Amino acid sequence: MDDSTWMRLALDEACLALAHDDVPIGAIAVRGGEVIARAHNRREADGDATAHAELLAIRAASAVLGHWRLEGVTLYCTLEPCAMCAGAMVLARLPRLVYAAPDPKAGASGSVLDLLNHPQLNHRVEVTGGVLADEAAALIREFFAGLRAQGQK
């Protein structure tokens, strides 16, 4: 399967966040041609600022592999990771990240910061951005437009 096919699965996962009024961001971890973990944002559902899709998928993938090093794993995310999630990817020794939409406000994979390829860190992550970016960005825009229509942030 190609990156677009995997990203469609991450987009499907992102839609699950809508059921509990979380920002629709999804992530899947793929290894050896199989999805080994999937997650979506759960900040609102869990009352946890760290319950980002990427962190939850990293935790789940580590549990499946039985180790914190995510050797051979590609993580597909519907939004460019923030600094917290990018830091976790470096610490987990993730070999590859594929993301959909860039995040010009908080992206840490090249938009605002580039933690995944910072020269002083001990690990670099191969990054491919922009895969199904329009679809992912539209999903997030629609979510926030709905909140504004309800008088929320």
# chains A, B, ... in the order shown; residues from 1 in each chain; ligands from 1
call {"tool": "residues_around", "arguments": {"residues": "region 8-12 of chain A", "least_positions_apart": "4", "cutoff": "10 Å", "atoms": "only C-alpha atoms", "output": "list of chain:residue names"}}
result
A:Asp3, A:Ser4, A:Leu16, A:Ala17, A:Pro24, A:Ile25, A:Gly26, A:Ala27, A:Ile28, A:Ala29, A:Val35, A:Arg38, A:Ala39, A:His40, A:Ala53, A:Leu75, A:Tyr76, A:Cys77, A:Thr78, A:Leu79, A:Tyr99, A:Ala100, A:Val131, A:Leu132, A:Glu135, A:Ala136, A:Leu139
call {"tool": "residues_around", "arguments": {"residues": "region 104-109 of chain A", "least_positions_apart": "6", "cutoff": "9 Å", "atoms": "only C-alpha atoms", "output": "number ranges by chain"}}
result
A: 79-87, 115-117, 127, 129
call {"tool": "write_last_selection", "arguments": {"atoms": "N, CA, C and O atoms", "output": "PDB file, in the first residue's frame"}}
result
ATOM      1  N   LEU A  79      -2.198  15.622  10.896  1.00  0.00           N
ATOM      2  CA  LEU A  79      -1.713  16.988  11.077  1.00  0.00           C
ATOM      3  C   LEU A  79      -0.244  16.936  11.478  1.00  0.00           C
ATOM      4  O   LEU A  79       0.165  16.030  12.223  1.00  0.00           O
ATOM      5  N   GLU A  80       0.529  17.882  11.010  1.00  0.00           N
ATOM      6  CA  GLU A  80       1.941  17.976  11.397  1.00  0.00           C
ATOM      7  C   GLU A  80       2.042  17.978  12.922  1.00  0.00           C
ATOM      8  O   GLU A  80       1.348  18.740  13.590  1.00  0.00           O
ATOM      9  N   PRO A  81       2.884  17.140  13.484  1.00  0.00           N
ATOM     10  CA  PRO A  81       2.983  17.026  14.942  1.00  0.00           C
ATOM     11  C   PRO A  81       3.471  18.308  15.620  1.00  0.00           C
ATOM     12  O   PRO A  81       4.259  19.062  15.068  1.00  0.00           O
ATOM     13  N   CYS A  82       2.994  18.488  16.849  1.00  0.00           N
ATOM     14  CA  CYS A  82       3.455  19.583  17.697  1.00  0.00           C
ATOM     15  C   CYS A  82       4.806  19.206  18.303  1.00  0.00           C
ATOM     16  O   CYS A  82       5.297  18.097  18.110  1.00  0.00           O
ATOM     17  N   ALA A  83       5.375  20.113  19.088  1.00  0.00           N
ATOM     18  CA  ALA A  83       6.681  19.867  19.702  1.00  0.00           C
ATOM     19  C   ALA A  83       6.655  18.668  20.644  1.00  0.00           C
ATOM     20  O   ALA A  83       7.599  17.872  20.668  1.00  0.00           O
ATOM     21  N   MET A  84       5.573  18.516  21.407  1.00  0.00           N
ATOM     22  CA  MET A  84       5.478  17.391  22.333  1.00  0.00           C
ATOM     23  C   MET A  84       5.505  16.061  21.574  1.00  0.00           C
ATOM     24  O   MET A  84       6.260  15.141  21.917  1.00  0.00           O
ATOM     25  N   CYS A  85       4.684  15.976  20.536  1.00  0.00           N
ATOM     26  CA  CYS A  85       4.597  14.732  19.770  1.00  0.00           C
ATOM     27  C   CYS A  85       5.874  14.473  18.976  1.00  0.00           C
ATOM     28  O   CYS A  85       6.344  13.332  18.899  1.00  0.00           O
ATOM     29  N   ALA A  86       6.450  15.515  18.399  1.00  0.00           N
ATOM     30  CA  ALA A  86       7.710  15.362  17.659  1.00  0.00           C
ATOM     31  C   ALA A  86       8.808  14.895  18.606  1.00  0.00           C
ATOM     32  O   ALA A  86       9.614  14.021  18.259  1.00  0.00           O
ATOM     33  N   GLY A  87       8.843  15.443  19.804  1.00  0.00           N
ATOM     34  CA  GLY A  87       9.831  15.008  20.787  1.00  0.00           C
ATOM     35  C   GLY A  87       9.672  13.541  21.132  1.00  0.00           C
ATOM     36  O   GLY A  87      10.659  12.801  21.245  1.00  0.00           O
ATOM     37  N   LEU A 115      11.998  19.743  15.020  1.00  0.00           N
ATOM     38  CA  LEU A 115      12.603  18.872  16.031  1.00  0.00           C
ATOM     39  C   LEU A 115      13.004  17.518  15.461  1.00  0.00           C
ATOM     40  O   LEU A 115      13.926  16.890  15.960  1.00  0.00           O
ATOM     41  N   LEU A 116      12.309  17.091  14.431  1.00  0.00           N
ATOM     42  CA  LEU A 116      12.567  15.744  13.909  1.00  0.00           C
ATOM     43  C   LEU A 116      13.893  15.630  13.184  1.00  0.00           C
ATOM     44  O   LEU A 116      14.396  14.528  12.971  1.00  0.00           O
ATOM     45  N   ASN A 117      14.464  16.747  12.811  1.00  0.00           N
ATOM     46  CA  ASN A 117      15.769  16.724  12.146  1.00  0.00           C
ATOM     47  C   ASN A 117      16.709  17.763  12.736  1.00  0.00           C
ATOM     48  O   ASN A 117      17.560  18.307  12.039  1.00  0.00           O
ATOM     49  N   VAL A 127      10.884  12.489   7.142  1.00  0.00           N
ATOM     50  CA  VAL A 127       9.567  13.115   7.130  1.00  0.00           C
ATOM     51  C   VAL A 127       9.060  13.297   5.707  1.00  0.00           C
ATOM     52  O   VAL A 127       9.781  13.791   4.838  1.00  0.00           O
ATOM     53  N   GLY A 129       5.684  15.139   4.134  1.00  0.00           N
ATOM     54  CA  GLY A 129       4.512  15.937   4.469  1.00  0.00           C
ATOM     55  C   GLY A 129       3.631  16.176   3.261  1.00  0.00           C
ATOM     56  O   GLY A 129       4.061  16.039   2.116  1.00  0.00           O
TER      57      GLY A 129
END
call {"tool": "select_by_dssp", "arguments": {"residues": "chain A", "states": "alpha helix (DSSP H)", "output": "ChimeraX atom specification"}}
result
/A:3-16,43-46,53-65,83-91,133-149
call {"tool": "select_by_dssp", "arguments": {"residues": "chain A", "states": "strand (DSSP E)", "output": "list in words"}}
result
Gly26, Ala27, Ile28, Ala29, Val30, Arg31, Glu34, Val35, Ile36, Ala37, Arg38, Ala39, His40, Val73, Thr74, Leu75, Tyr76, Cys77, Thr78, Leu79, Arg96, Leu97, Val98, Tyr99, Ala100, Ala101, Glu126, Val127 and Thr128 of chain A
call {"tool": "write_last_selection", "arguments": {"atoms": "N, CA and C atoms", "output": "PDB file, in the first residue's frame"}}
result
ATOM      1  N   GLY A  26      -6.007  12.100  13.545  1.00  0.00           N
ATOM      2  CA  GLY A  26      -5.818  10.668  13.699  1.00  0.00           C
ATOM      3  C   GLY A  26      -4.395  10.274  13.389  1.00  0.00           C
ATOM      4  N   ALA A  27      -4.002   9.118  13.899  1.00  0.00           N
ATOM      5  CA  ALA A  27      -2.663   8.583  13.644  1.00  0.00           C
ATOM      6  C   ALA A  27      -2.742   7.064  13.588  1.00  0.00           C
ATOM      7  N   ILE A  28      -1.955   6.502  12.692  1.00  0.00           N
ATOM      8  CA  ILE A  28      -1.813   5.046  12.658  1.00  0.00           C
ATOM      9  C   ILE A  28      -0.327   4.714  12.561  1.00  0.00           C
ATOM     10  N   ALA A  29       0.037   3.617  13.181  1.00  0.00           N
ATOM     11  CA  ALA A  29       1.409   3.121  13.131  1.00  0.00           C
ATOM     12  C   ALA A  29       1.414   1.867  12.259  1.00  0.00           C
ATOM     13  N   VAL A  30       2.313   1.863  11.282  1.00  0.00           N
ATOM     14  CA  VAL A  30       2.396   0.756  10.335  1.00  0.00           C
ATOM     15  C   VAL A  30       3.785   0.135  10.417  1.00  0.00           C
ATOM     16  N   ARG A  31       3.807  -1.186  10.447  1.00  0.00           N
ATOM     17  CA  ARG A  31       5.083  -1.914  10.436  1.00  0.00           C
ATOM     18  C   ARG A  31       4.902  -3.190   9.630  1.00  0.00           C
ATOM     19  N   GLU A  34       1.474  -3.740   7.950  1.00  0.00           N
ATOM     20  CA  GLU A  34       0.287  -3.928   8.785  1.00  0.00           C
ATOM     21  C   GLU A  34       0.124  -2.768   9.756  1.00  0.00           C
ATOM     22  N   VAL A  35      -1.118  -2.397  10.013  1.00  0.00           N
ATOM     23  CA  VAL A  35      -1.396  -1.405  11.048  1.00  0.00           C
ATOM     24  C   VAL A  35      -1.224  -2.103  12.394  1.00  0.00           C
ATOM     25  N   ILE A  36      -0.318  -1.577  13.208  1.00  0.00           N
ATOM     26  CA  ILE A  36      -0.101  -2.166  14.540  1.00  0.00           C
ATOM     27  C   ILE A  36      -0.719  -1.322  15.648  1.00  0.00           C
ATOM     28  N   ALA A  37      -1.067  -0.074  15.328  1.00  0.00           N
ATOM     29  CA  ALA A  37      -1.704   0.789  16.325  1.00  0.00           C
ATOM     30  C   ALA A  37      -2.457   1.897  15.610  1.00  0.00           C
ATOM     31  N   ARG A  38      -3.489   2.376  16.257  1.00  0.00           N
ATOM     32  CA  ARG A  38      -4.267   3.498  15.730  1.00  0.00           C
ATOM     33  C   ARG A  38      -4.805   4.286  16.907  1.00  0.00           C
ATOM     34  N   ALA A  39      -4.952   5.591  16.676  1.00  0.00           N
ATOM     35  CA  ALA A  39      -5.473   6.444  17.743  1.00  0.00           C
ATOM     36  C   ALA A  39      -5.997   7.737  17.143  1.00  0.00           C
ATOM     37  N   HIS A  40      -6.804   8.416  17.923  1.00  0.00           N
ATOM     38  CA  HIS A  40      -7.307   9.736  17.550  1.00  0.00           C
ATOM     39  C   HIS A  40      -7.241  10.619  18.795  1.00  0.00           C
ATOM     40  N   VAL A  73       8.861   1.177  12.101  1.00  0.00           N
ATOM     41  CA  VAL A  73       7.509   1.731  12.132  1.00  0.00           C
ATOM     42  C   VAL A  73       7.447   3.041  11.351  1.00  0.00           C
ATOM     43  N   THR A  74       6.377   3.209  10.596  1.00  0.00           N
ATOM     44  CA  THR A  74       6.044   4.494   9.995  1.00  0.00           C
ATOM     45  C   THR A  74       4.774   4.973  10.667  1.00  0.00           C
ATOM     46  N   LEU A  75       4.791   6.221  11.126  1.00  0.00           N
ATOM     47  CA  LEU A  75       3.619   6.814  11.753  1.00  0.00           C
ATOM     48  C   LEU A  75       2.969   7.758  10.761  1.00  0.00           C
ATOM     49  N   TYR A  76       1.675   7.565  10.536  1.00  0.00           N
ATOM     50  CA  TYR A  76       0.881   8.415   9.653  1.00  0.00           C
ATOM     51  C   TYR A  76      -0.013   9.284  10.523  1.00  0.00           C
ATOM     52  N   CYS A  77       0.092  10.613  10.370  1.00  0.00           N
ATOM     53  CA  CYS A  77      -0.681  11.563  11.164  1.00  0.00           C
ATOM     54  C   CYS A  77      -1.383  12.530  10.227  1.00  0.00           C
ATOM     55  N   THR A  78      -2.580  12.927  10.610  1.00  0.00           N
ATOM     56  CA  THR A  78      -3.347  13.808   9.735  1.00  0.00           C
ATOM     57  C   THR A  78      -2.963  15.274   9.866  1.00  0.00           C
ATOM     58  N   LEU A  79      -2.198  15.622  10.896  1.00  0.00           N
ATOM     59  CA  LEU A  79      -1.713  16.988  11.077  1.00  0.00           C
ATOM     60  C   LEU A  79      -0.244  16.936  11.478  1.00  0.00           C
ATOM     61  N   ARG A  96      10.282   6.893  10.548  1.00  0.00           N
ATOM     62  CA  ARG A  96       9.621   7.660   9.486  1.00  0.00           C
ATOM     63  C   ARG A  96       8.262   8.179   9.941  1.00  0.00           C
ATOM     64  N   LEU A  97       7.998   9.429   9.548  1.00  0.00           N
ATOM     65  CA  LEU A  97       6.717  10.077   9.782  1.00  0.00           C
ATOM     66  C   LEU A  97       6.152  10.540   8.452  1.00  0.00           C
ATOM     67  N   VAL A  98       4.869  10.315   8.254  1.00  0.00           N
ATOM     68  CA  VAL A  98       4.146  10.863   7.106  1.00  0.00           C
ATOM     69  C   VAL A  98       2.984  11.652   7.688  1.00  0.00           C
ATOM     70  N   TYR A  99       2.898  12.938   7.344  1.00  0.00           N
ATOM     71  CA  TYR A  99       1.769  13.719   7.835  1.00  0.00           C
ATOM     72  C   TYR A  99       1.019  14.336   6.665  1.00  0.00           C
ATOM     73  N   ALA A 100      -0.213  14.718   6.943  1.00  0.00           N
ATOM     74  CA  ALA A 100      -1.080  15.285   5.906  1.00  0.00           C
ATOM     75  C   ALA A 100      -0.921  16.798   5.867  1.00  0.00           C
ATOM     76  N   ALA A 101      -1.648  17.505   6.708  1.00  0.00           N
ATOM     77  CA  ALA A 101      -1.673  18.966   6.664  1.00  0.00           C
ATOM     78  C   ALA A 101      -0.570  19.576   7.527  1.00  0.00           C
ATOM     79  N   GLU A 126      12.845  10.543   9.236  1.00  0.00           N
ATOM     80  CA  GLU A 126      12.534  10.855   7.840  1.00  0.00           C
ATOM     81  C   GLU A 126      11.098  11.356   7.787  1.00  0.00           C
ATOM     82  N   VAL A 127      10.884  12.489   7.142  1.00  0.00           N
ATOM     83  CA  VAL A 127       9.567  13.115   7.130  1.00  0.00           C
ATOM     84  C   VAL A 127       9.060  13.297   5.707  1.00  0.00           C
ATOM     85  N   THR A 128       7.816  12.899   5.492  1.00  0.00           N
ATOM     86  CA  THR A 128       7.099  13.180   4.251  1.00  0.00           C
ATOM     87  C   THR A 128       5.835  13.922   4.637  1.00  0.00           C
TER      88      THR A 128
END
call {"tool": "closest_residue", "arguments": {"among": "A:Ala133, A:Val23, A:Leu65, A:Leu94", "to": "Ala51 (chain A)", "atoms": "only C-alpha atoms"}}
result
A:Val23
